[in-house]
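Take a look at the structure set out below.
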Amino acid sequence: MTVALWGQCLQLLEQELSDQQLNTWIRPLQVVEEADVLRLLAPNRFVLDWVKQHFLEQITRITDQISGDQPVRLSLEIGSQDKKAKPATPVSAAIQNTKPSYTPDSGFAPSRDVCQVVDHNLNLGFTFENFVEGKSNQLARAASMQVSENPGGAYNPLFLYGGVGLGKTHLMHAVGNKLREIKPDARIVYLHSERFVSNMIKALQHNAIDEFKQFYRGLDALLIDDIQFFAGKGRSQEEFFHTFNALLESGSQIILTCDRYPKEVEGLEERLKSRFGWGLPVCIDPPELETRVAILQKKAEEFGVELPNEVAFFIGKRIRSNIRELEGSLRRVMATANFTGKPITLEFAKETLRDLIALQDKLITIENIQKTVAEYYKIRSSDLLSNRRSRSITRPRQLAMALSKELTNHSLPEIGNAFGGRDHTTVLHGCRKIAELKESDPKINEDYTNLFRILSH
Amino acid sequence: MFKQLALDLQLRETYTLDNFITGDNALVIELLRQAVAADGEQQLYLWGDVFTGKSHLLQALCQLAIERQLTISYLPFKQLIDYSPEVLEGLEVIDLICIDDVQMVAGRADWQLRVFDLINRIRESGKQLVFAADLPPNELNIQLEDLRSRLNWGPVLRLQGLDDQDKQRALQLRASLRGFELSEQTANFILKNYARDLAGLFDRLEQLDKVSLAEQRRLTIPFVKSVFES
């Protein structure tokens, strides 16, 4: 059979189907042409069923037409063939394979050698060297460093938690990379909790749960990202619980990230919550302005672009919520500069990010902050503006003032004015009080973090 | 005499970057071109009003990728959202994934989680991801913050609408792609008198296409008038 069979088939399909049909259903199929079989590999069951139902007849007719007196059998399977990395690993092959070996990436590989090569999934670009340290992540960085130098020691598991896009994953990979640097044959696996769950389900479906267990329990370090997604998934939690215990017993290192403190994850079994707290839970807070600026500078440096300080400050001031958004904005400014051939100046950055800034100004107003804070504490907006001095009102009022100072570019007198015509020294006092309480009162710190997140996205 | 019946045939329209009227969107087009070249952005997010050409651009990008021997998947969420998010499984082996109307995941926890998971997988596999939506990520009704922050990862770019002159050109270009001639005067006349937004203009074009084929008439100004004002 000629290699061009599928190519010809596609050409004919192009005459019968719309671009959209082709691009959504037909082109994502990968093709393996064998002696007298044309194997079409669909990325998942859904695509497979859709193609079978809507297009298989057409495809069969066309291939019959082309192949003439050398008939070709058409086989539609779920699977993939990554051009660069691995040989085809269709599920059907795994089923036929009496003892499929396990990899966290594909689920199964044709090779029988379990764990000979561990596909660690580590992103080599995340290192300690390019992690920008600031007050908000100092502790998390120090703990991660400790773990990379002394894995399986006192900080086990290392539990990094904090809001989205603050660098938890970066630190996690940095530890993994460091561990590999020190011990190149260390068996380390990074994966997202969603993957752990879906791999486990696959293993159950294919009667390979023992291989699954054997694989994960034989690691030197297991890094699982965003474990909050285990919430409500009983069977996965059960399996993870046992994996977790086995790894701890054998002195392997476990690193977990989560968007909140272990005890606060709803839908997670108590025994897991308590175990997650055994080692060292450390928090990463949103980076303060200086750190945001340093992050921008570091990224620009990685891209080989000179970023004037005033531009870095401008972007850093405007984008407060998370690092991904900082990076996205920087990329946009650099791409525009590259395209127009203009130098990156303050004016240029303002112009480029104009719509983003307009949007933020629209979203974050003092009024909006007052409304959000009032809703959060279940009081009325007007209470915040009133003269009432009970604790249940003054704390939210001070929080709203501190948030207004942090999230808008209004002056202190303007903020005071917006809070029922208060003096700017009152605003200043409120901001200081909140800064103090954030250090000493976890509840206030949590409220502030939540509100900050809600308001700045 | 019988009128010739206009066949209800969906004409095959091929979207390319060359038949997109650029207007103020030169940067977007350039970044899309780069996206399928070696050193492009790994992730792009385009947003704009209806008829700013989002779907056109995504389809055109797929076309360009195919020419470069890359594998692609185009996912129109407006249509897929009624089905299962399982459609996103296993896509990380595909070189370029274009997700159209990603705003459709609003209020759909299952879809949000799957898209989030897909972005993670694509990050790891080093493939390319392009989103289109009607609003920027921070204005979408997305409850999963992990997803929102990831949609902001690459450049978020706004597609600008066309000015009147470019709209007129777009109208003419669309007519010629559908196989008939629309003069500058007639196009301008439609724009001045009947519709100014592309959605309205393309609608009118559709009507004219059907009637002119049935009556075998050329698209002159008097004919256009007779169609729309009868």
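Starting from 1 in every chain, residues are counted up; chains themselves are A, B, ... following the order of the structure tokens, and ligands are numbered from 1 as listed.
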
Exercise answer, chain B residues close to chain A, 8 Å and only C-alpha atoms, as a PyMOL selection string: chain B and resi 12-14+27+30-31+59+62+71-76+84+86-91+93-94+117+120+124+138+145-146+149-150+152-157

Backbone-only DSSP, strand (DSSP E) members of range 196-370 of chain A, as number ranges by chain: A: 221-225, 253-258, 280-284

Two-atom distance - CA of Glu269 in chain A, CA of Glu238 in chain A (Å):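 Going from CA of Glu269 in chain A over to CA of Glu238 in chain A, I get 8.8 Å.
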
Spatial neighbours of Leu64 in chain B, 10 Å, only C-alpha atoms, chain gap at least 2 places, as a ChimeraX atom specification: /B:15-17,32-33,36-37,58-62,66-70

Can those selected residues be exported to a file as an mmCIF file, in the first residue's frame so that it contains N, CA, C and O atoms?
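Okay, result-v7.cif is ready:
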data_model
loop_
_atom_site.group_PDB
_atom_site.id
_atom_site.type_symbol
_atom_site.label_atom_id
_atom_site.label_comp_id
_atom_site.auth_asym_id
_atom_site.auth_seq_id
_atom_site.Cartn_x
_atom_site.Cartn_y
_atom_site.Cartn_z
ATOM 1 N N TYR B 15 -10.951 29.718 4.449
ATOM 2 C CA TYR B 15 -10.452 30.862 5.199
ATOM 3 C C TYR B 15 -8.925 30.827 5.198
ATOM 4 O O TYR B 15 -8.330 29.834 5.583
ATOM 5 N N THR B 16 -8.332 31.889 4.751
ATOM 6 C CA THR B 16 -6.871 31.978 4.835
ATOM 7 C C THR B 16 -6.507 33.325 5.454
ATOM 8 O O THR B 16 -7.350 34.209 5.578
ATOM 9 N N LEU B 17 -5.248 33.451 5.839
ATOM 10 C CA LEU B 17 -4.817 34.738 6.380
ATOM 11 C C LEU B 17 -4.768 35.775 5.265
ATOM 12 O O LEU B 17 -4.905 36.969 5.500
ATOM 13 N N LEU B 32 -0.027 35.309 14.789
ATOM 14 C CA LEU B 32 -0.585 34.021 14.369
ATOM 15 C C LEU B 32 0.374 33.330 13.401
ATOM 16 O O LEU B 32 0.627 32.134 13.503
ATOM 17 N N ARG B 33 0.921 34.106 12.488
ATOM 18 C CA ARG B 33 1.893 33.515 11.551
ATOM 19 C C ARG B 33 3.068 32.924 12.319
ATOM 20 O O ARG B 33 3.538 31.826 12.039
ATOM 21 N N VAL B 36 2.784 29.372 14.201
ATOM 22 C CA VAL B 36 3.054 28.095 13.541
ATOM 23 C C VAL B 36 4.491 28.021 13.026
ATOM 24 O O VAL B 36 4.866 27.068 12.361
ATOM 25 N N ALA B 37 5.280 29.049 13.322
ATOM 26 C CA ALA B 37 6.704 28.983 12.995
ATOM 27 C C ALA B 37 7.434 28.529 14.259
ATOM 28 O O ALA B 37 6.832 28.333 15.300
ATOM 29 N N LEU B 58 -8.913 31.677 13.174
ATOM 30 C CA LEU B 58 -8.539 30.360 13.694
ATOM 31 C C LEU B 58 -8.512 29.318 12.575
ATOM 32 O O LEU B 58 -7.587 28.509 12.484
ATOM 33 N N GLN B 59 -9.531 29.369 11.729
ATOM 34 C CA GLN B 59 -9.561 28.415 10.610
ATOM 35 C C GLN B 59 -8.381 28.650 9.681
ATOM 36 O O GLN B 59 -7.763 27.712 9.179
ATOM 37 N N ALA B 60 -8.085 29.937 9.462
ATOM 38 C CA ALA B 60 -6.971 30.278 8.571
ATOM 39 C C ALA B 60 -5.659 29.778 9.150
ATOM 40 O O ALA B 60 -4.789 29.287 8.432
ATOM 41 N N LEU B 61 -5.546 29.889 10.467
ATOM 42 C CA LEU B 61 -4.326 29.433 11.124
ATOM 43 C C LEU B 61 -4.177 27.910 10.969
ATOM 44 O O LEU B 61 -3.083 27.409 10.704
ATOM 45 N N CYS B 62 -5.295 27.215 11.106
ATOM 46 C CA CYS B 62 -5.268 25.761 10.901
ATOM 47 C C CYS B 62 -4.765 25.451 9.497
ATOM 48 O O CYS B 62 -3.930 24.567 9.286
ATOM 49 N N ILE B 66 -1.514 23.276 8.468
ATOM 50 C CA ILE B 66 -1.590 22.064 7.643
ATOM 51 C C ILE B 66 -0.562 22.149 6.506
ATOM 52 O O ILE B 66 0.142 21.189 6.212
ATOM 53 N N GLU B 67 -0.466 23.347 5.921
ATOM 54 C CA GLU B 67 0.525 23.531 4.857
ATOM 55 C C GLU B 67 1.935 23.253 5.365
ATOM 56 O O GLU B 67 2.809 22.860 4.616
ATOM 57 N N ARG B 68 2.140 23.508 6.646
ATOM 58 C CA ARG B 68 3.478 23.258 7.220
ATOM 59 C C ARG B 68 3.598 21.865 7.802
ATOM 60 O O ARG B 68 4.460 21.611 8.649
ATOM 61 N N GLN B 69 2.693 20.993 7.425
ATOM 62 C CA GLN B 69 2.740 19.585 7.860
ATOM 63 C C GLN B 69 2.532 19.415 9.363
ATOM 64 O O GLN B 69 3.015 18.455 9.958
ATOM 65 N N LEU B 70 1.847 20.358 9.989
ATOM 66 C CA LEU B 70 1.568 20.207 11.416
ATOM 67 C C LEU B 70 0.192 19.555 11.587
ATOM 68 O O LEU B 70 -0.665 19.680 10.720
#

Pairwise distance for CA of Gly176 in chain A and CA of Ile224 in chain A, rounded to one decimal in Å: 11.2 Å

Shortest interatomic distance to Ser198 in chain A - which of B:Leu46, B:Arg114, B:Asp82, B:Ile190, counting only C-alpha atoms: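 Under the stated criterion, the closest residue is B:Arg114.
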
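Rounded to one decimal, CA of Gly134 in chain A and CA of Ile319 in chain A lie 16.5 Å from each other.
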
Selection: 12 Å around Arg217 in chain B, only C-alpha atoms, excl. self and same-chain fewer than 2 positions, as a ChimeraX atom specification: /B:3-4,180-182,208-215,219-224,226-227

Residue contacts of range 241-257 of chain A (9 Å, only C-alpha atoms) excluding same-chain residues fewer than 3 positions away, as a VMD selection string: chain A and resid 147 151 to 153 155 to 162 168 to 169 172 175 213 216 to 228 236 to 238 260 271 to 272 275 to 276

DSSP-assigned helix (DSSP H, G or I) among range 239-438 of chain A, expressed as a VMD selection string: chain A and resid 239 to 249 262 to 264 270 to 276 289 to 302 309 to 318 323 to 340 346 to 352 354 to 363 366 to 377 381 to 385 391 to 407 412 to 418 424 to 438

Dump C-alpha atoms for the selected residues as a tab-separated table (two decimals), in the first residue's frame?
chain	number	residue	atom	x	y	z
A	239	GLU	CA	-5.37	5.16	46.39
A	240	PHE	CA	-3.35	8.28	47.00
A	241	PHE	CA	-3.54	7.74	50.74
A	242	HIS	CA	-1.85	4.35	50.39
A	243	THR	CA	0.71	5.64	47.91
A	244	PHE	CA	1.42	8.48	50.26
A	245	ASN	CA	2.00	6.17	53.22
A	246	ALA	CA	4.18	3.79	51.24
A	247	LEU	CA	6.36	6.64	50.00
A	248	LEU	CA	6.73	8.17	53.44
A	249	GLU	CA	7.68	4.82	54.92
A	262	PRO	CA	-4.76	21.47	53.91
A	263	LYS	CA	-7.49	21.68	56.55
A	264	GLU	CA	-9.55	24.02	54.40
A	270	GLU	CA	-9.80	13.92	57.19
A	271	ARG	CA	-6.99	11.37	57.29
A	272	LEU	CA	-5.47	12.93	54.17
A	273	LYS	CA	-5.84	16.45	55.54
A	274	SER	CA	-4.07	15.50	58.70
A	275	ARG	CA	-1.26	13.72	56.84
A	276	PHE	CA	-0.73	16.69	54.57
A	289	LEU	CA	5.16	45.45	44.04
A	290	GLU	CA	8.96	45.16	44.33
A	291	THR	CA	8.81	41.43	43.69
A	292	ARG	CA	6.47	41.88	40.74
A	293	VAL	CA	8.90	44.36	39.23
A	294	ALA	CA	11.83	42.00	39.83
A	295	ILE	CA	9.88	39.15	38.21
A	296	LEU	CA	9.21	41.27	35.13
A	297	GLN	CA	12.87	42.22	34.91
A	298	LYS	CA	13.93	38.61	35.23
A	299	LYS	CA	11.53	37.47	32.53
A	300	ALA	CA	12.57	40.25	30.19
A	301	GLU	CA	16.17	39.26	30.75
A	302	GLU	CA	15.32	35.66	29.85
A	309	ASN	CA	12.52	50.25	35.16
A	310	GLU	CA	9.64	52.68	34.79
A	311	VAL	CA	7.92	50.28	32.40
A	312	ALA	CA	8.40	47.37	34.80
A	313	PHE	CA	6.94	49.51	37.60
A	314	PHE	CA	4.04	50.54	35.42
A	315	ILE	CA	3.10	46.96	34.53
A	316	GLY	CA	3.79	45.74	38.07
A	317	LYS	CA	1.53	48.39	39.54
A	318	ARG	CA	-1.26	47.59	37.19
A	323	ILE	CA	2.40	36.06	37.78
A	324	ARG	CA	0.88	34.44	34.71
A	325	GLU	CA	-0.94	37.65	33.96
A	326	LEU	CA	2.26	39.63	34.47
A	327	GLU	CA	4.01	37.36	32.01
A	328	GLY	CA	1.15	37.56	29.50
A	329	SER	CA	1.23	41.37	29.58
A	330	LEU	CA	4.99	41.49	29.24
A	331	ARG	CA	4.81	39.13	26.28
A	332	ARG	CA	2.23	41.36	24.68
A	333	VAL	CA	4.35	44.48	25.12
A	334	MET	CA	7.44	42.71	23.74
A	335	ALA	CA	5.57	41.25	20.77
A	336	THR	CA	4.15	44.65	19.88
A	337	ALA	CA	7.57	46.30	20.17
A	338	ASN	CA	9.10	43.60	18.06
A	339	PHE	CA	6.41	43.98	15.43
A	340	THR	CA	6.38	47.77	15.22
A	346	LEU	CA	6.49	54.05	29.30
A	347	GLU	CA	4.26	55.71	26.72
A	348	PHE	CA	4.53	52.69	24.47
A	349	ALA	CA	3.59	50.27	27.27
A	350	LYS	CA	0.62	52.43	28.26
A	351	GLU	CA	-0.61	52.49	24.69
A	352	THR	CA	-0.12	48.76	24.19
A	354	ARG	CA	-4.60	50.41	27.01
A	355	ASP	CA	-7.61	48.10	26.84
A	356	LEU	CA	-6.39	46.03	29.77
A	357	ILE	CA	-5.97	49.08	31.92
A	358	ALA	CA	-9.32	50.52	30.94
A	359	LEU	CA	-10.88	47.23	31.91
A	360	GLN	CA	-9.21	47.19	35.31
A	361	ASP	CA	-10.17	50.75	36.05
A	362	LYS	CA	-13.71	49.80	35.24
A	363	LEU	CA	-13.65	46.79	37.54
A	366	ILE	CA	-13.61	52.20	45.57
A	367	GLU	CA	-17.35	51.77	45.30
A	368	ASN	CA	-16.92	48.26	43.99
A	369	ILE	CA	-14.48	47.46	46.80
A	370	GLN	CA	-16.97	48.73	49.39
A	371	LYS	CA	-19.74	46.70	47.85
A	372	THR	CA	-17.65	43.53	47.75
A	373	VAL	CA	-16.37	43.93	51.30
A	374	ALA	CA	-19.89	44.61	52.58
A	375	GLU	CA	-21.23	41.51	50.85
A	376	TYR	CA	-18.35	39.44	52.19
A	377	TYR	CA	-19.13	40.44	55.79
A	381	SER	CA	-22.32	49.33	52.09
A	382	SER	CA	-23.75	52.32	53.88
A	383	ASP	CA	-22.42	50.95	57.19
A	384	LEU	CA	-18.90	51.35	55.85
A	385	LEU	CA	-19.58	55.01	55.19
A	391	ARG	CA	-15.90	46.22	65.83
A	392	SER	CA	-18.15	44.38	63.34
A	393	ILE	CA	-18.16	47.51	61.21
A	394	THR	CA	-14.76	49.10	61.82
A	395	ARG	CA	-12.73	46.04	60.77
A	396	PRO	CA	-14.47	45.65	57.42
A	397	ARG	CA	-14.18	49.42	56.96
A	398	GLN	CA	-10.45	49.34	57.59
A	399	LEU	CA	-10.07	46.35	55.30
A	400	ALA	CA	-11.96	48.16	52.55
A	401	MET	CA	-9.68	51.17	53.00
A	402	ALA	CA	-6.54	49.05	52.85
A	403	LEU	CA	-7.81	47.31	49.74
A	404	SER	CA	-8.66	50.65	48.14
A	405	LYS	CA	-5.13	51.82	48.79
A	406	GLU	CA	-3.63	48.64	47.38
A	407	LEU	CA	-5.92	48.11	44.41
A	412	LEU	CA	-5.41	58.80	50.63
A	413	PRO	CA	-7.56	61.99	50.85
A	414	GLU	CA	-9.66	60.71	47.95
A	415	ILE	CA	-10.11	57.36	49.68
A	416	GLY	CA	-11.04	59.11	52.94
A	417	ASN	CA	-13.57	61.17	51.08
A	418	ALA	CA	-15.16	58.11	49.53
A	424	HIS	CA	-6.65	60.88	55.24
A	425	THR	CA	-4.96	60.11	58.58
A	426	THR	CA	-7.89	57.84	59.39
A	427	VAL	CA	-7.24	55.96	56.16
A	428	LEU	CA	-3.56	55.71	56.98
A	429	HIS	CA	-4.34	54.40	60.45
A	430	GLY	CA	-6.74	51.83	58.97
A	431	CYS	CA	-4.15	50.59	56.49
A	432	ARG	CA	-1.50	50.24	59.22
A	433	LYS	CA	-3.90	48.41	61.48
A	434	ILE	CA	-4.72	45.89	58.76
A	435	ALA	CA	-1.04	45.38	57.91
A	436	GLU	CA	-0.44	44.64	61.59
A	437	LEU	CA	-3.41	42.30	61.93
A	438	LYS	CA	-2.47	40.39	58.78

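Using only C-alpha atoms, the nearest neighbour of Asn19 in chain B within the list B:Arg218, B:Lys54, B:Arg174, B:Lys225 is B:Arg174.
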
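In terms of minimum interatomic distance to Ala154 in chain A, A:Gly279 ranks closest within A:Thr449, A:Leu139, A:Gly279, A:Asn387, counting only C-alpha atoms.
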
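Nearest to Leu57 in chain B of all the residues B:Gly40, B:Lys78, B:Pro136, B:Phe131 is B:Phe131, based on only C-alpha atoms.
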